[in-house]
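Undergrad: final-v8.json is reproduced below (JSON, C-alpha atoms and all ligand atoms).
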[["chain", "number", "residue", "atom", "x", "y", "z"],
["A", 7, "MET", "CA", 121.21, 128.78, 152.02],
["A", 8, "THR", "CA", 124.87, 128.02, 151.29],
["A", 9, "ILE", "CA", 127.52, 130.10, 153.06],
["A", 10, "THR", "CA", 130.76, 130.92, 151.25],
["A", 11, "VAL", "CA", 133.79, 130.30, 153.44],
["A", 12, "ASP", "CA", 137.41, 131.41, 153.42],
["A", 13, "LYS", "CA", 138.61, 129.28, 156.34],
["A", 14, "PRO", "CA", 140.35, 125.92, 155.90],
["A", 15, "ILE", "CA", 139.00, 124.25, 159.05],
["A", 16, "LEU", "CA", 135.43, 123.57, 160.19],
["A", 17, "ASP", "CA", 134.36, 122.66, 163.71],
["A", 18, "PRO", "CA", 130.58, 122.21, 163.38],
["A", 19, "CYS", "CA", 129.96, 121.57, 167.11],
["A", 20, "CYS", "CA", 132.63, 123.63, 168.90],
["A", 21, "GLY", "CA", 130.92, 123.94, 172.31],
["A", 22, "SER", "CA", 133.09, 126.12, 174.58],
["A", 23, "ARG", "CA", 136.21, 125.37, 172.44],
["A", 24, "MET", "CA", 137.84, 123.52, 175.36],
["A", 25, "PHE", "CA", 140.36, 121.58, 173.31],
["A", 26, "TYR", "CA", 141.79, 124.58, 171.41],
["A", 27, "PHE", "CA", 145.20, 126.05, 172.20],
["A", 28, "ASP", "CA", 143.87, 129.33, 170.79],
["A", 29, "LYS", "CA", 140.09, 129.68, 171.23],
["A", 30, "SER", "CA", 140.08, 132.48, 168.62],
["A", 31, "ASP", "CA", 142.16, 130.62, 166.02],
["A", 32, "GLU", "CA", 141.46, 132.47, 162.77],
["A", 33, "ARG", "CA", 141.87, 129.32, 160.68],
["A", 34, "VAL", "CA", 138.79, 127.70, 162.21],
["A", 35, "LEU", "CA", 135.13, 128.32, 161.47],
["A", 36, "PHE", "CA", 133.46, 127.62, 164.83],
["A", 37, "GLY", "CA", 129.87, 126.38, 164.65],
["A", 38, "ASP", "CA", 127.37, 125.04, 167.17],
["A", 39, "CYS", "CA", 123.59, 124.70, 167.41],
["A", 40, "ARG", "CA", 123.42, 126.91, 170.52],
["A", 41, "ARG", "CA", 124.72, 130.21, 171.82],
["A", 42, "GLU", "CA", 124.65, 130.55, 175.61],
["A", 43, "ASN", "CA", 126.51, 131.54, 178.76],
["A", 44, "ILE", "CA", 126.08, 129.23, 181.72],
["A", 45, "SER", "CA", 127.22, 129.62, 185.33],
["A", 46, "LEU", "CA", 127.04, 126.72, 187.73],
["A", 47, "ARG", "CA", 128.13, 126.18, 191.32],
["A", 48, "ASP", "CA", 131.33, 124.14, 191.41],
["A", 49, "LYS", "CA", 133.21, 123.36, 194.64],
["A", 50, "SER", "CA", 136.38, 122.40, 192.76],
["A", 51, "SER", "CA", 136.83, 125.87, 191.25],
["A", 52, "LYS", "CA", 138.47, 128.70, 193.28],
["A", 53, "SER", "CA", 135.50, 131.06, 193.02],
["A", 54, "GLY", "CA", 132.96, 128.33, 193.67],
["A", 55, "VAL", "CA", 131.35, 129.04, 190.32],
["A", 56, "ARG", "CA", 132.19, 127.71, 186.89],
["A", 57, "HIS", "CA", 131.38, 129.67, 183.73],
["A", 58, "LEU", "CA", 130.82, 128.20, 180.32],
["A", 59, "SER", "CA", 130.51, 130.25, 177.16],
["A", 60, "ILE", "CA", 129.25, 128.72, 173.91],
["A", 61, "ASN", "CA", 129.65, 131.43, 171.33],
["A", 62, "PRO", "CA", 130.05, 130.02, 167.80],
["A", 63, "ASP", "CA", 130.89, 132.15, 164.75],
["A", 64, "ARG", "CA", 127.74, 130.66, 163.23],
["A", 65, "MET", "CA", 124.75, 128.77, 164.58],
["A", 66, "ILE", "CA", 124.65, 125.62, 162.46],
["A", 67, "ASP", "CA", 123.24, 122.09, 162.54],
["A", 68, "PHE", "CA", 125.79, 119.35, 161.78],
["A", 69, "THR", "CA", 123.02, 117.21, 160.25],
["A", 70, "ARG", "CA", 122.46, 119.90, 157.56],
["A", 71, "LEU", "CA", 125.62, 121.91, 157.06],
["A", 72, "PRO", "CA", 125.11, 125.16, 155.11],
["A", 73, "PHE", "CA", 128.34, 124.80, 153.09],
["A", 74, "SER", "CA", 129.10, 123.69, 149.52],
["A", 75, "ASN", "CA", 130.64, 120.30, 148.81],
["A", 76, "GLU", "CA", 134.43, 120.16, 149.22],
["A", 77, "SER", "CA", 134.83, 123.44, 151.13],
["A", 78, "PHE", "CA", 137.29, 122.51, 153.92],
["A", 79, "HIS", "CA", 140.71, 120.89, 154.26],
["A", 80, "LEU", "CA", 140.04, 119.73, 157.82],
["A", 81, "VAL", "CA", 136.87, 119.03, 159.79],
["A", 82, "VAL", "CA", 136.85, 118.25, 163.49],
["A", 83, "PHE", "CA", 133.69, 116.44, 164.60],
["A", 84, "ASP", "CA", 133.10, 116.18, 168.36],
["A", 85, "PRO", "CA", 129.35, 115.60, 168.72],
["A", 86, "PRO", "CA", 127.51, 115.06, 172.02],
["A", 87, "HIS", "CA", 128.06, 111.56, 173.37],
["A", 88, "LEU", "CA", 125.67, 111.48, 176.34],
["A", 89, "VAL", "CA", 122.30, 109.77, 176.24],
["A", 90, "ARG", "CA", 121.65, 108.96, 179.88],
["A", 91, "ASN", "CA", 122.76, 112.08, 181.78],
["A", 92, "GLY", "CA", 119.98, 114.43, 182.92],
["A", 93, "ARG", "CA", 119.66, 117.52, 180.75],
["A", 94, "SER", "CA", 120.28, 119.74, 183.76],
["A", 95, "GLY", "CA", 123.58, 118.00, 184.69],
["A", 96, "TRP", "CA", 126.85, 119.89, 184.26],
["A", 97, "LEU", "CA", 128.17, 117.35, 181.77],
["A", 98, "ALA", "CA", 125.06, 117.62, 179.62],
["A", 99, "LYS", "CA", 125.35, 121.44, 179.67],
["A", 100, "LYS", "CA", 129.00, 121.26, 178.72],
["A", 101, "TYR", "CA", 128.79, 118.59, 176.04],
["A", 102, "GLY", "CA", 125.13, 118.69, 174.95],
["A", 103, "LYS", "CA", 123.03, 115.53, 174.81],
["A", 104, "LEU", "CA", 121.91, 113.14, 172.12],
["A", 105, "GLY", "CA", 118.23, 112.83, 171.30],
["A", 106, "GLU", "CA", 116.17, 109.70, 170.64],
["A", 107, "ASN", "CA", 117.21, 109.69, 166.98],
["A", 108, "TRP", "CA", 120.93, 109.82, 167.79],
["A", 109, "ARG", "CA", 121.83, 107.13, 165.23],
["A", 110, "ASP", "CA", 120.28, 109.15, 162.40],
["A", 111, "ASP", "CA", 121.80, 112.40, 163.71],
["A", 112, "ILE", "CA", 125.35, 111.04, 164.01],
["A", 113, "ALA", "CA", 125.06, 109.26, 160.63],
["A", 114, "SER", "CA", 123.93, 112.54, 159.02],
["A", 115, "GLY", "CA", 126.72, 114.37, 160.85],
["A", 116, "PHE", "CA", 129.37, 112.02, 159.43],
["A", 117, "SER", "CA", 127.84, 112.23, 155.97],
["A", 118, "GLU", "CA", 127.73, 116.05, 156.07],
["A", 119, "CYS", "CA", 131.29, 116.37, 157.43],
["A", 120, "PHE", "CA", 132.61, 114.16, 154.61],
["A", 121, "ARG", "CA", 130.53, 116.03, 152.00],
["A", 122, "VAL", "CA", 132.05, 119.42, 152.91],
["A", 123, "LEU", "CA", 135.61, 118.01, 153.08],
["A", 124, "MET", "CA", 137.87, 118.36, 150.04],
["A", 125, "PRO", "CA", 139.11, 115.14, 148.42],
["A", 126, "ASN", "CA", 141.83, 113.67, 150.67],
["A", 127, "GLY", "CA", 140.74, 116.09, 153.41],
["A", 128, "THR", "CA", 141.09, 115.01, 157.04],
["A", 129, "LEU", "CA", 138.30, 114.35, 159.52],
["A", 130, "ILE", "CA", 139.23, 114.26, 163.20],
["A", 131, "PHE", "CA", 136.52, 112.53, 165.22],
["A", 132, "LYS", "CA", 136.29, 112.56, 169.01],
["A", 133, "TRP", "CA", 134.07, 110.21, 170.99],
["A", 134, "ASN", "CA", 133.64, 109.32, 174.66],
["A", 135, "GLU", "CA", 132.31, 105.83, 175.43],
["A", 136, "GLN", "CA", 130.47, 106.79, 178.61],
["A", 137, "ASP", "CA", 127.11, 105.70, 177.13],
["A", 138, "ILE", "CA", 127.83, 104.23, 173.67],
["A", 139, "LYS", "CA", 130.77, 102.15, 172.43],
["A", 140, "VAL", "CA", 132.83, 103.63, 169.61],
["A", 141, "SER", "CA", 132.28, 100.38, 167.67],
["A", 142, "GLU", "CA", 128.53, 101.21, 167.56],
["A", 143, "ILE", "CA", 129.28, 104.70, 166.29],
["A", 144, "LEU", "CA", 131.62, 103.51, 163.54],
["A", 145, "LYS", "CA", 128.69, 101.55, 162.06],
["A", 146, "LEU", "CA", 127.14, 104.93, 161.22],
["A", 147, "THR", "CA", 129.66, 105.79, 158.51],
["A", 148, "ASP", "CA", 131.05, 103.80, 155.58],
["A", 149, "GLN", "CA", 134.43, 105.56, 155.93],
["A", 150, "LYS", "CA", 137.19, 103.73, 157.81],
["A", 151, "PRO", "CA", 139.43, 105.46, 160.37],
["A", 152, "ILE", "CA", 143.18, 105.22, 159.67],
["A", 153, "PHE", "CA", 144.43, 105.37, 163.26],
["A", 154, "GLY", "CA", 143.42, 106.69, 166.65],
["A", 155, "ASN", "CA", 144.17, 107.00, 170.31],
["A", 156, "ARG", "CA", 142.38, 106.43, 173.61],
["A", 157, "CYS", "CA", 142.84, 108.86, 176.47],
["A", 158, "GLY", "CA", 141.25, 110.13, 179.68],
["A", 159, "LYS", "CA", 141.34, 108.66, 183.21],
["A", 160, "THR", "CA", 139.27, 105.66, 182.18],
["A", 161, "ALA", "CA", 140.53, 105.54, 178.57],
["A", 162, "LYS", "CA", 136.98, 106.13, 177.35],
["A", 163, "SER", "CA", 137.81, 109.08, 175.09],
["A", 164, "HIS", "CA", 138.77, 108.22, 171.53],
["A", 165, "TRP", "CA", 140.41, 110.41, 168.91],
["A", 166, "LEU", "CA", 140.12, 108.93, 165.41],
["A", 167, "VAL", "CA", 141.60, 110.15, 162.12],
["A", 168, "PHE", "CA", 139.89, 109.65, 158.74],
["A", 169, "MET", "CA", 140.90, 110.77, 155.26],
["A", 170, "LYS", "CA", 138.10, 111.41, 152.79],
["A", 171, "GLY", "CA", 138.16, 108.91, 149.98],
["A", 172, "ALA", "CA", 141.21, 106.99, 151.22],
["A", 173, "GLU", "CA", 140.35, 103.36, 150.47],
["A", 174, "ALA", "CA", 141.18, 100.86, 153.21],
["B", 201, "LIG", "C1", 131.07, 117.33, 173.00],
["B", 201, "LIG", "S1", 130.51, 119.00, 172.81],
["B", 201, "LIG", "C2", 131.84, 119.76, 171.95],
["B", 201, "LIG", "C3", 132.97, 120.16, 172.87],
["B", 201, "LIG", "C4", 134.06, 120.94, 172.16],
["B", 201, "LIG", "N1", 134.80, 120.14, 171.22],
["B", 201, "LIG", "C5", 135.01, 121.62, 173.10],
["B", 201, "LIG", "O1", 136.25, 121.52, 172.91],
["B", 201, "LIG", "O2", 134.55, 122.31, 174.01],
["B", 201, "LIG", "C6", 129.27, 118.86, 171.56],
["B", 201, "LIG", "C7", 128.61, 120.14, 171.12],
["B", 201, "LIG", "O3", 127.73, 119.81, 170.03],
["B", 201, "LIG", "C8", 126.66, 120.74, 170.04],
["B", 201, "LIG", "N2", 125.58, 120.19, 169.21],
["B", 201, "LIG", "C9", 124.63, 119.28, 169.55],
["B", 201, "LIG", "N3", 123.85, 118.98, 168.50],
["B", 201, "LIG", "C10", 124.30, 119.75, 167.47],
["B", 201, "LIG", "C11", 123.90, 119.89, 166.11],
["B", 201, "LIG", "N4", 122.90, 119.18, 165.58],
["B", 201, "LIG", "N5", 124.58, 120.77, 165.33],
["B", 201, "LIG", "C12", 125.62, 121.49, 165.83],
["B", 201, "LIG", "N6", 126.05, 121.39, 167.11],
["B", 201, "LIG", "C13", 125.40, 120.52, 167.92],
["B", 201, "LIG", "C14", 126.34, 120.92, 171.50],
["B", 201, "LIG", "O4", 125.70, 122.15, 171.72],
["B", 201, "LIG", "C15", 127.74, 120.86, 172.14],
["B", 201, "LIG", "O5", 128.24, 122.15, 172.39]]
Since I need it in another form, could you write the structure as structure tokens?
Ligand SMILES: C[S@@+](CC[C@H](N)C(=O)[O-])C[C@H]1O[C@@H](n2cnc3c(N)ncnc32)[C@H](O)[C@@H]1O

TA:
Amino acid sequence: MTITVDKPILDPCCGSRMFYFDKSDERVLFGDCRRENISLRDKSSKSGVRHLSINPDRMIDFTRLPFSNESFHLVVFDPPHLVRNGRSGWLAKKYGKLGENWRDDIASGFSECFRVLMPNGTLIFKWNEQDIKVSEILKLTDQKPIFGNRCGKTAKSHWLVFMKGAEA
């Protein structure tokens, strides 16, 4: 089924929307493959408990997006990056975890994100190199990033910017 959209921005794996200034930004269609509320003990938080809410506008799978070609001006793709962490770990709960077929899944995710982008649309890609180097991930798409930035305490988080159809 194809969903008709009237929003300019797609986030197909929004998680708990941590990186948004406004977690209810009306311009964004928030998707994720799960809907859940999680509470975990956390000594670093004041109450001793940390809550996480994953509540997408739509439950979707980034490997098979239910949108027509060329639907969005901007797509932000921040897929799970963990392979080794236990599924019960806080990080895995927060960020999700890649399965055995992660290469196929990320390749399909890139392909789907570019399919639903308008010509010259922008893809923002976020990746953390805890388990897999960004150079390995970039082999999974034929599109070339224009520029990017590393951040985080250990400089393992990458933000990369692509433009659909912009030849290198
Ligand atoms: C790194 S987290 C996203 C964090 C988010 N950007 C934030 O600011 O909180 C990755 C998310 O991708 C979701 N996910 C995993 N596989 C998916 C799939 N096939 N389709 C859609 N979402 C998926 C996970 O549930 C997880 O919430």

Undergrad: List every protein, DNA or RNA residue with an atom no more than 12 Å from (124.7, 110.0, 177.2) in the file's coordinates, counting all atoms listed in the file, and format the result as a list in words.

TA: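 Protein and nucleic acid residues near the point are Pro85, Pro86, His87, Leu88, Val89, Arg90, Asn91, Gly92, Arg93, Gly95, Leu97, Ala98, Lys99, Tyr101, Gly102, Lys103, Leu104, Gly105, Glu106, Trp108, Trp133, Asn134, Glu135, Gln136, Asp137, Ile138 and Lys139 of chain A.
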
Undergrad: Between CA of Arg70 (chain A) and CA of Ile130 (chain A), measure the distance and give it in Å to one decimal.

TA: 18.6 Å

Undergrad: Given all atoms listed in the file as the basis, pick out the residue of A:Val34, A:Cys19, A:Leu71, A:Met169 nearest to ligand LIG 201 (chain B).

TA: A:Cys19

Undergrad: Taking only C-alpha atoms and all ligand atoms and a cut-off of 6 Å, can you tell me which residues surround ligand LIG 201 (chain B), written as a PyMOL selection string?

TA: chain A and resi 18-25+38-40+66-69+84-86+101-102

Undergrad: As JSON, numbers by chain, please: the residues near region 145-151 of chain A (cut-off 6 Å, all atoms listed in the file, same-chain neighbours under 3 positions excluded).

TA: {"A": [113, 142, 167, 168]}

Undergrad: In terms of the shortest atom-to-atom distance over all atoms listed in the file, which of A:Val55, A:Leu35, A:Ala172, A:Leu80 is closest to Val11 (chain A)?

TA: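 Ranked by minimum distance to Val11 (chain A), first place goes to A:Leu35.
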